[in-house]
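*Asks:* See start-v8.cif below, with mmCIF, C-alpha atoms.
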```
data_coords
loop_
_atom_site.label_atom_id
_atom_site.label_comp_id
_atom_site.auth_asym_id
_atom_site.auth_seq_id
_atom_site.Cartn_x
_atom_site.Cartn_y
_atom_site.Cartn_z
CA MET K 244 -41.37 39.57 19.71
CA ILE K 245 -41.74 41.88 22.64
CA GLU K 246 -45.22 40.55 23.33
CA ALA K 247 -43.93 37.02 23.29
CA LEU K 248 -41.20 37.96 25.73
CA ASP K 249 -43.83 39.61 27.96
CA ILE K 250 -45.79 36.40 28.06
CA VAL K 251 -42.71 34.38 28.84
CA LEU K 252 -41.78 36.72 31.64
CA GLN K 253 -45.28 37.00 33.12
CA ASN K 254 -44.56 34.70 35.99
CA GLY K 255 -42.02 37.28 37.14
CA GLU K 256 -42.66 40.96 37.54
CA ALA K 257 -44.06 42.83 34.59
CA MET K 258 -41.28 44.38 32.50
CA SER K 259 -41.11 47.90 31.20
CA PRO K 260 -41.16 48.07 27.36
CA GLU K 261 -37.61 49.50 27.22
CA ALA K 262 -36.17 46.73 29.34
CA ALA K 263 -37.90 44.16 27.16
CA GLU K 264 -36.47 45.73 24.03
CA ASN K 265 -32.98 45.76 25.48
CA LEU K 266 -33.39 42.13 26.34
CA SER K 267 -34.49 41.17 22.83
CA VAL K 268 -31.56 43.03 21.28
CA GLY K 269 -29.29 41.20 23.67
CA TYR K 270 -30.71 37.85 22.65
CA ALA K 271 -30.37 38.67 18.95
CA GLU K 272 -26.73 39.68 19.38
CA ALA K 273 -25.98 36.56 21.33
CA ALA K 274 -27.55 34.51 18.52
CA ALA K 275 -25.42 36.31 15.92
CA ALA K 276 -22.30 35.68 18.00
CA ILE K 277 -23.10 31.98 18.23
CA ALA K 278 -23.69 31.86 14.46
CA VAL K 279 -20.31 33.44 13.73
CA GLY K 280 -18.61 31.27 16.30
CA LEU K 281 -20.01 28.07 14.85
CA ALA K 282 -19.11 29.18 11.34
CA ALA K 283 -15.53 29.87 12.47
CA LEU K 284 -15.37 26.45 14.09
CA ALA K 285 -16.58 24.80 10.90
CA ALA K 286 -14.08 26.77 8.83
CA GLY K 287 -11.33 25.70 11.18
CA TYR K 288 -12.34 22.07 10.84
CA ALA K 289 -12.41 22.32 7.07
CA GLU K 290 -9.02 24.01 7.04
CA ARG K 291 -7.54 21.25 9.16
CA GLY K 292 -7.83 18.76 6.32
CA ILE K 293 -6.96 21.16 3.56
CA GLY K 294 -4.01 22.56 5.46
CA ALA K 295 -2.63 19.09 6.11
CA ALA K 296 -2.92 18.24 2.43
CA ALA K 297 -1.39 21.58 1.44
CA VAL K 298 1.61 21.09 3.71
CA GLY K 299 2.05 17.64 2.22
CA ALA K 300 1.96 19.03 -1.28
CA ILE K 301 4.39 21.84 -0.43
CA ALA K 302 6.78 19.32 1.14
CA GLU K 303 6.93 17.49 -2.18
CA ASP K 304 7.00 20.56 -4.40
CA ASP K 305 7.77 24.14 -3.34
CA ASP K 306 5.75 25.59 -6.20
CA MET K 307 2.61 24.41 -4.48
CA PHE K 308 2.99 27.08 -1.81
CA VAL K 309 0.69 29.68 -3.40
CA PRO K 310 -2.04 27.26 -4.56
CA GLY K 311 -1.82 25.55 -1.19
CA LEU K 312 -2.23 28.81 0.66
CA ILE K 313 -5.23 29.82 -1.45
CA MET K 314 -6.92 26.46 -1.02
CA THR K 315 -6.29 26.55 2.70
CA VAL K 316 -7.98 29.91 3.25
CA LEU K 317 -10.99 29.19 1.02
CA PRO K 318 -13.19 27.98 3.90
CA GLU K 319 -12.67 31.41 5.51
CA THR K 320 -15.49 32.57 3.24
CA LEU K 321 -17.78 30.69 5.62
CA VAL K 322 -16.82 33.09 8.40
CA ILE K 323 -17.16 36.12 6.16
CA LEU K 324 -20.66 35.08 5.17
CA ALA K 325 -21.50 34.45 8.79
CA LEU K 326 -20.33 37.99 9.60
CA VAL K 327 -23.17 39.26 7.38
CA VAL K 328 -25.55 37.92 10.00
CA VAL K 329 -24.04 40.30 12.53
CA PHE K 330 -24.85 43.30 10.34
CA ILE K 331 -28.38 42.10 9.55
CA VAL K 332 -29.19 41.51 13.19
CA GLY K 333 -27.28 44.47 14.58
CA MET N 285 -2.92 -1.28 16.80
CA SER N 286 -1.88 2.31 17.17
CA LEU N 287 -4.32 4.81 18.47
CA GLY N 288 -4.79 8.49 17.79
CA ALA N 289 -5.97 10.62 14.93
CA SER N 290 -4.99 9.56 11.45
CA ASN N 291 -3.88 11.98 8.76
CA PRO N 292 -4.99 10.69 5.38
CA GLU N 293 -5.04 14.19 3.83
CA TYR N 294 -1.36 14.83 4.41
CA VAL N 295 -0.22 11.40 3.32
CA ASN N 296 -2.49 11.48 0.28
CA ALA N 297 -1.12 14.80 -0.94
CA ARG N 298 2.46 13.57 -0.68
CA VAL N 299 1.70 10.18 -2.16
CA ARG N 300 -0.13 11.61 -5.13
CA SER N 301 2.74 13.94 -5.87
CA ARG N 302 5.19 11.03 -5.81
CA ARG N 303 2.84 8.95 -7.87
CA ALA N 304 2.95 11.62 -10.55
CA SER N 305 6.73 11.44 -10.73
CA LEU N 306 6.81 7.71 -11.50
CA PHE N 307 7.98 6.65 -14.94
CA ALA N 308 5.36 6.89 -17.65
CA ASP N 309 4.77 4.23 -20.26
CA GLU N 310 6.80 6.20 -22.81
CA ASP N 311 9.79 6.07 -20.49
CA TYR N 312 9.64 2.29 -20.52
CA ARG N 313 9.63 2.34 -24.29
CA LYS N 314 12.76 4.47 -24.18
CA LEU N 315 14.38 2.23 -21.58
CA ILE N 316 13.76 -0.92 -23.61
CA ARG N 317 16.11 0.39 -26.26
CA MET N 318 18.94 1.11 -23.83
CA GLY N 319 21.76 -1.01 -22.46
CA PRO N 320 22.32 -1.42 -18.71
CA SER N 321 24.78 1.45 -18.37
CA GLU N 322 22.50 3.74 -20.36
CA ILE N 323 19.61 2.79 -18.11
CA ALA N 324 21.74 3.65 -15.10
CA ARG N 325 22.55 7.02 -16.63
CA PHE N 326 18.90 7.62 -17.45
CA MET N 327 17.98 6.80 -13.86
CA GLU N 328 20.60 9.21 -12.61
CA GLU N 329 18.65 12.02 -14.20
CA THR N 330 15.42 11.01 -12.51
CA GLU N 331 14.56 10.60 -8.90
CA TYR N 332 16.93 7.65 -8.53
CA GLU N 333 19.85 10.09 -8.66
CA ARG N 334 20.84 9.81 -5.02
CA GLU N 335 20.83 6.01 -4.96
CA ILE N 336 22.74 5.68 -8.20
CA ASN N 337 25.38 8.11 -6.97
CA ALA N 338 25.68 6.45 -3.58
CA LEU N 339 26.07 2.96 -5.01
CA GLY N 340 27.88 3.88 -8.22
CA THR N 341 31.33 3.37 -6.76
CA ARG N 342 30.63 -0.11 -5.45
CA PHE N 343 28.54 -1.67 -8.18
CA SER N 344 28.11 -1.37 -11.88
CA GLY N 345 25.81 -2.48 -14.65
CA VAL N 346 22.66 -4.37 -13.77
CA ASP N 347 23.63 -4.86 -10.12
CA LEU N 348 23.86 -1.11 -9.71
CA ILE N 349 20.39 -0.68 -11.17
CA GLU N 350 18.96 -3.44 -9.04
CA TYR N 351 20.38 -2.18 -5.74
CA ALA N 352 19.48 1.41 -6.56
CA LEU N 353 15.91 0.32 -7.25
CA ASN N 354 15.70 -1.61 -4.00
CA ARG N 355 17.11 1.22 -1.99
CA ASN N 356 14.81 3.76 -3.57
CA LEU N 357 11.82 1.53 -2.95
CA ALA N 358 12.80 1.10 0.68
CA LYS N 359 13.25 4.85 1.09
CA HIS N 360 9.83 5.67 -0.31
CA PHE N 361 8.00 3.00 1.65
CA ASP N 362 9.78 3.98 4.85
CA ASP N 363 8.59 7.51 4.21
CA LEU N 364 5.03 6.24 3.98
CA LEU N 365 5.33 4.68 7.42
CA ASP N 366 6.97 7.85 8.74
CA TRP N 367 4.18 10.09 7.54
CA SER N 368 1.16 8.11 8.47
CA GLU N 369 -0.32 8.15 11.93
CA GLY N 370 -3.04 6.36 13.81
CA ARG N 371 -5.40 4.18 11.86
CA LEU N 372 -3.69 4.96 8.58
CA TYR N 373 -0.35 3.73 9.92
CA ASP N 374 -2.03 0.56 11.03
CA LEU N 375 -3.49 -0.10 7.59
CA VAL N 376 -0.34 0.79 5.68
CA SER N 377 2.02 -1.16 7.91
CA ARG N 378 -0.12 -4.27 7.58
CA TYR N 379 0.56 -4.24 3.90
CA LEU N 380 4.22 -3.26 4.06
CA ARG N 381 4.96 -6.17 6.38
CA LYS N 382 5.30 -7.99 3.10
CA PHE N 383 8.85 -6.66 3.05
CA ASP N 384 9.50 -7.94 6.55
CA VAL N 385 8.49 -11.36 5.28
CA MET N 386 10.80 -10.94 2.30
CA ASN N 387 13.72 -9.81 4.45
CA LEU N 388 13.26 -12.59 6.96
CA LYS N 389 13.18 -15.12 4.13
CA THR N 390 16.35 -13.65 2.67
CA VAL N 391 18.11 -13.74 6.03
CA ILE N 392 17.02 -17.30 6.74
CA ARG N 393 18.13 -18.43 3.30
CA GLY N 394 21.40 -16.58 3.80
CA ILE N 395 22.02 -18.44 7.06
CA TYR N 396 20.99 -21.73 5.46
CA THR N 397 23.43 -21.35 2.59
CA GLU N 398 26.07 -19.73 4.82
CA THR N 399 26.28 -16.68 2.64
CA ASP N 400 28.39 -13.76 3.72
CA PRO N 401 26.19 -11.32 5.75
CA GLU N 402 27.54 -8.44 3.67
CA GLU N 403 26.02 -9.98 0.56
CA VAL N 404 22.75 -10.72 2.30
CA GLN N 405 22.60 -7.14 3.46
CA THR N 406 22.65 -5.75 -0.06
CA ASP N 407 19.71 -7.94 -0.96
CA LEU N 408 17.48 -6.66 1.82
CA ILE N 409 14.75 -4.14 1.19
CA ARG N 410 14.41 -2.25 4.42
CA ALA N 411 10.89 -1.09 3.84
CA GLY N 412 8.89 -3.02 6.38
CA GLU N 413 8.04 -2.54 10.00
CA LEU N 414 11.14 -4.22 11.42
CA ASP N 415 13.54 -1.45 12.37
CA ASN N 416 17.13 -1.25 11.21
CA ARG N 417 18.51 -2.42 14.54
CA THR N 418 16.52 -5.64 14.45
CA ILE N 419 17.61 -6.29 10.89
CA ASP N 420 21.25 -5.62 11.74
CA ARG N 421 21.02 -8.06 14.62
CA LEU N 422 19.45 -10.61 12.26
CA LEU N 423 22.48 -10.29 10.01
CA GLU N 424 24.84 -11.02 12.89
CA VAL N 425 23.37 -14.32 14.02
CA ASP N 426 24.70 -17.63 12.76
CA THR N 427 21.84 -20.06 13.25
CA ILE N 428 18.22 -19.98 12.23
CA GLU N 429 17.22 -20.59 15.82
CA ASP N 430 18.99 -17.42 16.94
CA ALA N 431 17.39 -15.48 14.09
CA ILE N 432 13.97 -16.57 15.31
CA GLU N 433 14.90 -15.41 18.81
CA VAL N 434 15.77 -11.97 17.44
CA VAL N 435 12.27 -11.48 16.08
CA SER N 436 10.62 -12.49 19.33
CA GLY N 437 7.98 -9.91 20.08
CA THR N 438 6.93 -9.56 16.47
CA ILE N 439 3.94 -11.27 14.93
CA PHE N 440 6.19 -13.78 13.22
CA TYR N 441 7.73 -15.28 16.32
CA GLU N 442 5.16 -17.87 17.28
CA SER N 443 4.57 -19.41 13.89
CA LEU N 444 8.28 -19.36 13.12
CA SER N 445 9.17 -21.23 16.27
CA ALA N 446 6.44 -23.76 15.51
CA ALA N 447 7.76 -24.19 11.99
CA HIS N 448 11.31 -24.46 13.26
CA GLU N 449 10.59 -27.87 14.76
CA GLU N 450 9.41 -29.09 11.40
CA TYR N 451 12.50 -27.60 9.81
CA GLU N 452 14.74 -29.50 12.20
CA GLU N 453 13.01 -32.75 11.26
CA THR N 454 13.05 -32.30 7.49
CA GLY N 455 15.90 -29.88 6.90
CA ALA N 456 13.88 -28.03 4.27
CA LEU N 457 13.19 -24.31 4.43
CA VAL N 458 9.65 -24.60 3.05
CA PRO N 459 7.88 -24.84 6.43
CA LEU N 460 9.59 -21.67 7.65
CA GLU N 461 8.76 -19.74 4.50
CA ASN N 462 5.18 -20.94 4.47
CA ALA N 463 4.83 -19.94 8.12
CA LEU N 464 5.99 -16.42 7.28
CA ASP N 465 3.62 -16.05 4.34
CA ARG N 466 0.70 -17.46 6.24
CA GLU N 467 1.30 -15.18 9.20
CA PHE N 468 1.47 -12.17 6.90
CA TYR N 469 -1.78 -12.90 5.12
CA GLU N 470 -3.59 -13.82 8.29
CA HIS N 471 -2.66 -10.54 9.94
CA LEU N 472 -3.56 -8.62 6.82
CA LEU N 473 -7.26 -9.02 7.45
CA GLU N 474 -7.18 -9.48 11.20
CA ASP N 475 -9.39 -7.01 13.12
CA VAL N 476 -10.36 -5.24 9.91
CA SER N 477 -12.64 -7.72 8.26
CA ARG N 478 -14.24 -8.82 11.51
CA PRO N 479 -13.66 -6.14 14.11
CA PRO N 480 -14.36 -7.42 17.62
CA GLY N 481 -18.01 -6.89 18.51
CA ARG N 482 -18.97 -5.53 15.10
CA THR N 483 -19.83 -6.97 11.74
CA GLN N 484 -17.73 -6.45 8.68
CA PRO N 485 -18.17 -2.91 7.29
CA GLN N 486 -20.14 -2.85 4.04
CA GLU N 487 -19.73 0.75 2.96
CA GLY N 488 -16.98 3.31 2.77
CA PRO N 489 -13.21 3.16 2.36
CA GLU N 490 -12.61 0.53 5.00
CA ALA N 491 -14.93 -1.91 3.24
CA ARG N 492 -13.10 -1.26 -0.03
CA TYR N 493 -9.74 -1.76 1.68
CA ILE N 494 -10.90 -5.17 2.78
CA GLU N 495 -12.11 -5.86 -0.73
CA PHE N 496 -8.72 -4.91 -2.09
CA LEU N 497 -6.87 -7.17 0.29
CA GLN N 498 -9.27 -9.99 -0.44
CA ALA N 499 -8.57 -9.45 -4.13
CA GLU N 500 -4.86 -9.70 -3.39
CA ILE N 501 -5.38 -12.95 -1.52
CA ASP N 502 -7.63 -14.30 -4.27
CA PHE N 503 -5.07 -13.54 -6.93
CA ARG N 504 -2.31 -15.00 -4.84
CA ASN N 505 -4.36 -18.19 -4.56
CA ALA N 506 -5.04 -18.21 -8.29
CA ARG N 507 -1.36 -17.72 -8.99
CA ASN N 508 -0.28 -20.48 -6.63
CA ALA N 509 -2.82 -22.83 -8.14
CA LEU N 510 -1.56 -22.17 -11.66
CA ARG N 511 2.06 -22.49 -10.70
CA LEU N 512 1.35 -25.79 -9.03
CA ALA N 513 -0.53 -27.02 -12.08
CA ARG N 514 2.20 -25.93 -14.49
CA SER N 515 5.09 -27.29 -12.50
CA GLY N 516 3.39 -30.67 -12.42
CA ALA N 517 4.73 -31.21 -8.94
CA ASP N 518 2.76 -33.61 -6.85
CA LEU N 519 1.97 -31.20 -4.07
CA ASP N 520 -1.23 -30.73 -2.17
CA PRO N 521 -2.79 -27.40 -3.28
CA ALA N 522 -4.54 -27.11 0.06
CA ALA N 523 -1.16 -26.73 1.76
CA TYR N 524 -0.64 -23.49 -0.13
CA TYR N 525 -4.17 -22.23 0.23
CA ILE N 526 -4.44 -18.87 1.98
CA GLU N 527 -7.62 -18.16 3.85
CA GLY N 528 -9.49 -14.87 3.74
CA GLY N 529 -10.28 -14.59 0.06
CA VAL N 530 -13.74 -14.80 -1.45
CA LEU N 531 -12.95 -16.32 -4.82
CA PHE N 532 -11.93 -19.80 -3.82
CA ASP N 533 -12.39 -22.11 -0.94
CA ALA N 534 -9.96 -24.93 -0.44
CA SER N 535 -12.08 -27.47 -2.31
CA ASP N 536 -12.56 -25.13 -5.31
CA LEU N 537 -8.86 -24.75 -5.53
CA ASN N 538 -8.28 -28.50 -5.54
CA ARG N 539 -10.80 -28.92 -8.30
CA LEU N 540 -9.56 -26.08 -10.49
CA VAL N 541 -5.84 -26.77 -10.33
CA GLY N 542 -4.85 -28.14 -13.67
CA ASP N 543 -7.80 -26.80 -15.61
CA TYR N 544 -6.74 -23.42 -16.89
CA ASP N 545 -9.99 -22.50 -18.67
CA ALA N 546 -12.16 -23.57 -15.77
CA LEU N 547 -10.05 -21.41 -13.49
CA VAL N 548 -10.45 -18.33 -15.68
CA ASP N 549 -14.18 -19.04 -15.99
CA HIS N 550 -14.37 -19.30 -12.25
CA ILE N 551 -12.90 -15.82 -11.91
CA ALA N 552 -15.16 -14.41 -14.65
CA GLU N 553 -18.28 -15.83 -13.04
CA ASN N 554 -17.49 -14.22 -9.74
CA LYS N 555 -19.69 -11.15 -9.51
CA ARG N 556 -17.08 -9.10 -7.71
CA TYR N 557 -14.32 -9.45 -10.30
CA GLY N 558 -16.15 -10.51 -13.45
CA ASP N 559 -17.32 -7.07 -14.59
CA ARG N 560 -14.47 -4.99 -13.30
CA LEU N 561 -11.81 -7.19 -14.80
CA SER N 562 -13.48 -8.09 -18.06
CA GLY N 563 -10.63 -6.53 -20.08
CA ALA N 564 -7.94 -8.27 -18.09
CA LEU N 565 -9.86 -11.53 -18.19
CA GLY N 566 -9.93 -11.36 -21.97
CA ARG N 567 -6.18 -11.10 -21.85
CA LEU N 568 -6.04 -13.96 -19.37
CA ARG N 569 -7.84 -16.22 -21.80
CA GLU N 570 -5.48 -15.35 -24.60
CA ALA N 571 -2.38 -15.57 -22.46
CA ASP N 572 -0.56 -18.70 -23.33
CA SER N 573 2.23 -18.34 -20.83
CA LEU N 574 1.99 -18.18 -17.11
CA ILE N 575 3.99 -14.96 -17.05
CA GLN N 576 1.40 -13.15 -19.12
CA PHE N 577 -1.33 -14.47 -16.91
CA GLU N 578 0.46 -13.19 -13.84
CA HIS N 579 1.11 -9.82 -15.42
CA ALA N 580 -2.54 -9.52 -16.36
CA LEU N 581 -3.42 -10.22 -12.72
CA ASP N 582 -0.96 -7.55 -11.59
CA ALA N 583 -2.39 -5.05 -14.04
CA ALA N 584 -5.92 -5.89 -12.92
CA LEU N 585 -5.03 -5.36 -9.28
CA LEU N 586 -3.32 -2.08 -10.10
CA GLN N 587 -6.31 -0.85 -12.04
CA TYR N 588 -8.60 -1.81 -9.22
CA ALA N 589 -6.48 0.10 -6.72
CA ASP N 590 -6.52 3.13 -8.99
CA THR N 591 -10.29 3.07 -9.26
CA LEU N 592 -10.58 2.83 -5.50
CA SER N 593 -8.27 5.76 -4.96
CA SER N 594 -10.41 8.01 -7.13
CA ILE N 595 -13.64 6.87 -5.48
CA TYR N 596 -12.29 7.45 -1.98
CA PRO N 597 -9.72 10.25 -2.26
CA ALA N 598 -9.03 10.67 1.43
CA SER N 599 -8.50 7.10 2.49
CA VAL N 600 -5.82 4.47 2.49
CA SER N 601 -6.62 3.48 -1.12
CA ALA N 602 -4.39 6.14 -2.67
CA VAL N 603 -1.46 4.90 -0.60
CA LEU N 604 -2.07 1.32 -1.67
CA SER N 605 -2.34 2.32 -5.29
CA TYR N 606 0.98 4.15 -4.97
CA ILE N 607 2.64 1.17 -3.35
CA LEU N 608 1.49 -1.08 -6.18
CA ALA N 609 2.50 1.40 -8.86
CA LYS N 610 5.94 1.87 -7.34
CA GLU N 611 6.48 -1.86 -7.08
CA ARG N 612 5.46 -2.23 -10.67
CA GLU N 613 7.91 0.45 -11.74
CA VAL N 614 10.75 -1.22 -9.88
CA GLU N 615 9.88 -4.60 -11.32
CA ASN N 616 9.58 -3.24 -14.82
CA ILE N 617 12.94 -1.49 -14.74
CA ARG N 618 14.53 -4.59 -13.27
CA ALA N 619 12.96 -6.72 -15.99
CA ILE N 620 14.25 -4.38 -18.69
CA ALA N 621 17.77 -4.28 -17.26
CA ARG N 622 17.97 -8.04 -16.74
CA GLY N 623 16.42 -8.64 -20.13
CA ARG N 624 18.96 -6.45 -21.87
CA GLU N 625 21.75 -8.12 -19.94
CA VAL N 626 20.89 -11.57 -21.24
CA GLY N 627 20.19 -10.20 -24.70
CA LEU N 628 16.43 -10.59 -25.06
CA SER N 629 14.85 -8.79 -27.98
CA GLU N 630 12.75 -5.68 -27.49
CA SER N 631 9.45 -7.46 -28.03
CA GLU N 632 10.42 -10.21 -25.62
CA ILE N 633 11.22 -7.67 -22.94
CA GLU N 634 7.99 -5.87 -23.62
CA GLU N 635 6.12 -9.06 -22.80
CA GLU N 636 7.79 -9.11 -19.43
CA LEU N 637 6.52 -5.67 -18.49
CA VAL N 638 3.33 -4.83 -16.70
CA ILE N 639 1.98 -1.93 -18.71
CA LEU N 640 -1.59 -0.77 -18.32
#
```
Render the structure in this file as structure tokens.
*Replies:*
Amino acid sequence: MIEALDIVLQNGEAMSPEAAENLSVGYAEAAAAIAVGLAALAAGYAERGIGAAAVGAIAEDDDMFVPGLIMTVLPETLVILALVVVFIVG
Amino acid sequence: MSLGASNPEYVNARVRSRRASLFADEDYRKLIRMGPSEIARFMEETEYEREINALGTRFSGVDLIEYALNRNLAKHFDDLLDWSEGRLYDLVSRYLRKFDVMNLKTVIRGIYTETDPEEVQTDLIRAGELDNRTIDRLLEVDTIEDAIEVVSGTIFYESLSAAHEEYEETGALVPLENALDREFYEHLLEDVSRPPGRTQPQEGPEARYIEFLQAEIDFRNARNALRLARSGADLDPAAYYIEGGVLFDASDLNRLVGDYDALVDHIAENKRYGDRLSGALGRLREADSLIQFEHALDAALLQYADTLSSIYPASVSAVLSYILAKEREVENIRAIARGREVGLSESEIEEELVIL
């Protein structure tokens, strides 16, 4: 990884090994952040539909509140799984 | 056409819940054994409670049941239009315009026979797209010409004013009523089946929606053809032919009117309906009366809508299937109440019902 970065950066000044390592950690963390962000976006999109349906069901029948709530937050597992990436990378 | 995001999930959840609270087949069996006042009391314990209570002081017996049913139907279908947005609203309102057609016909007939507006008002089902203000104004006018002016700006205006000339010449209401029906069915498939610049969709819920509407048109054509044949009236079937279906073209219809078996065979040979409706078609063949034939068609359409709504859960199909099921419920209860009123036997009433 560091070697690859060195090659990429050869047209500039040569980089000290520590700087290169910092850079690679930075890239990895940025990648993890994007992964979590995209997962959260997807979860939000999934919840849009489910939430709408849940509100509809609750409007017809109050007993649907708890099942509706549970169904609505199910896609949150996407974000939780995506959080694992942060720990693996970090 | 309204723009903006549509919300099929929300509408579907509500519609399915209401669908579940419709009367089951066992309820009909119970109702068949009751008299009109018992039916009214039974309805009071179900979701018709509010309507029965509101109308209970003014009407009684079968009239009470009938008006309560109409009002409940209007309330539910108005809700559908309230909930849906965007594309979904567009698709649902297309179909519910059927009630606009019905109301306009009632108003025009009321004016024609000089019936008291109060009486006409109770017969209206305010479920369509026309708002209450327009309908109230319709009730105030005295001539058919003024009534047509009131609906200027709606899709019915142009064809109504064209038909009005014919009405003035002949004095018969038929041209006006045909104009309304034709306008309704033509707008039903407008833009959807052949969207501007695109070909007709082949896959997905929209394609099935078109298929459903085409089925409705086909069955309407079949029904008209049979009624014409049975009544023996010397009328041109082509005048009643509605375009947009796939089952008949105008010449088919001319040929098949009057030959019951050939007509049923024609439906069975069609690859779209033949397999799906094989059960109903069997019943069609056995049916000796027109009423049973029509009920079998209704049941077939209802079954088709149900299948569609489970194939495409988040589309307009569930709403359509609810609309059909609700209409069927209202018609069944009305048939039971009217049947009991005139003293039909239980088995005779049962024949009048559309039960799956």
*Asks:* Give me, as JSON, numbers by chain, the contact residues of chain N against chain K at a cut-off of 10 Å, counting only C-alpha atoms.
*Replies:* {"N": [291, 292, 293, 294, 295, 296, 297, 298, 299, 300, 301, 302, 367, 598]}
*Asks:* Might you pull out every residue within 6 Å of segment 317-328 of chain K, with all atoms listed in the file counted and same-chain residues fewer than 5 positions away left off, and present them as a list of chain:residue names?
*Replies:* K:Val279, K:Ala282, K:Ala283, K:Ala286
*Asks:* What's around segment 260-275 of chain K at 6 Å? Count all atoms listed in the file, leave out sequence neighbours fewer than 2 positions away in its own chain, and write the answer as a list in words.
*Replies:*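 Within the cut-off, the hits are Ile277, Ala278 and Val329 of chain K.
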*Asks:* Which residues match the PyMOL selection byres ((chain N and resi 394-401) around 9) in the file above, as a VMD selection string?
*Replies:* chain N and resid 389 to 393 402 to 406 423 to 428 431 457
*Asks:* Just the number, please: distance in Å from atom CA of Asn538 of chain N to atom CA of Phe496 of chain N, one decimal.
*Replies:*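 Computing it gives 23.8 Å between the two atoms.
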*Asks:* Between atom CA of Gly311 of chain K and atom CA of Arg303 of chain N, what distance in Å does the model show, to one decimal?
*Replies:*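 Calculated distance between atom CA of Gly311 of chain K and atom CA of Arg303 of chain N is 18.5 Å.
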*Asks:* For Asp347 of chain N, work out the shell of residues within 12 Å, counting all atoms listed in the file and skipping chain neighbours fewer than 6 positions away, then give it as a compact mmCIF listing (two decimals) with C-alpha atoms, in the frame of the given file.
*Replies:*
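Just written: part_25.txt:
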```
# COMPACT_ATOMS: atom_id res chain seq x y z
CA PRO N 320 22.32 -1.42 -18.71
CA SER N 321 24.78 1.45 -18.37
CA ILE N 323 19.61 2.79 -18.11
CA ALA N 324 21.74 3.65 -15.10
CA ILE N 336 22.74 5.68 -8.20
CA LEU N 339 26.07 2.96 -5.01
CA GLY N 340 27.88 3.88 -8.22
CA THR N 341 31.33 3.37 -6.76
CA LEU N 353 15.91 0.32 -7.25
CA ASN N 354 15.70 -1.61 -4.00
CA THR N 406 22.65 -5.75 -0.06
CA ASP N 407 19.71 -7.94 -0.96
CA ARG N 618 14.53 -4.59 -13.27
CA ALA N 621 17.77 -4.28 -17.26
CA ARG N 622 17.97 -8.04 -16.74
CA GLU N 625 21.75 -8.12 -19.94
```
*Asks:* Any idea what the distance is between atom CA of Leu464 of chain N and atom CA of Val385 of chain N?
*Replies:*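 It comes out at 6.0 Å.
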*Asks:* Point out the residue among N:Arg342, N:Lys314, N:Arg417, N:Lys382 with the least atom-to-atom distance to Phe326 of chain N, counting all atoms listed in the file.
*Replies:*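 Checking each of N:Arg342, N:Lys314, N:Arg417, N:Lys382 against Phe326 of chain N, counting all atoms listed in the file, the winner is N:Lys314.
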*Asks:* Give me segment 347-357 of chain N with N, CA and C atoms filled in, as a compact mmCIF listing (two decimals), in the coordinates of the input.
*Replies:*
```txt
# COMPACT_ATOMS: atom_id res chain seq x y z
N ASP N 347 23.66 -4.84 -11.58
CA ASP N 347 23.63 -4.86 -10.12
C ASP N 347 23.38 -3.48 -9.56
N LEU N 348 24.04 -2.49 -10.16
CA LEU N 348 23.86 -1.11 -9.71
C LEU N 348 22.39 -0.72 -9.82
N ILE N 349 21.80 -1.04 -10.96
CA ILE N 349 20.39 -0.68 -11.17
C ILE N 349 19.52 -1.37 -10.13
N GLU N 350 19.78 -2.65 -9.95
CA GLU N 350 18.96 -3.44 -9.04
C GLU N 350 19.04 -2.90 -7.61
N TYR N 351 20.25 -2.65 -7.12
CA TYR N 351 20.38 -2.18 -5.74
C TYR N 351 19.83 -0.77 -5.59
N ALA N 352 20.03 0.05 -6.63
CA ALA N 352 19.48 1.41 -6.56
C ALA N 352 17.96 1.35 -6.49
N LEU N 353 17.37 0.46 -7.27
CA LEU N 353 15.91 0.32 -7.25
C LEU N 353 15.43 -0.11 -5.87
N ASN N 354 16.11 -1.13 -5.32
CA ASN N 354 15.70 -1.61 -4.00
C ASN N 354 15.79 -0.52 -2.95
N ARG N 355 16.90 0.20 -3.01
CA ARG N 355 17.11 1.22 -1.99
C ARG N 355 16.08 2.34 -2.11
N ASN N 356 15.80 2.71 -3.34
CA ASN N 356 14.81 3.76 -3.57
C ASN N 356 13.43 3.32 -3.08
N LEU N 357 13.10 2.07 -3.40
CA LEU N 357 11.82 1.53 -2.95
C LEU N 357 11.73 1.57 -1.43
```
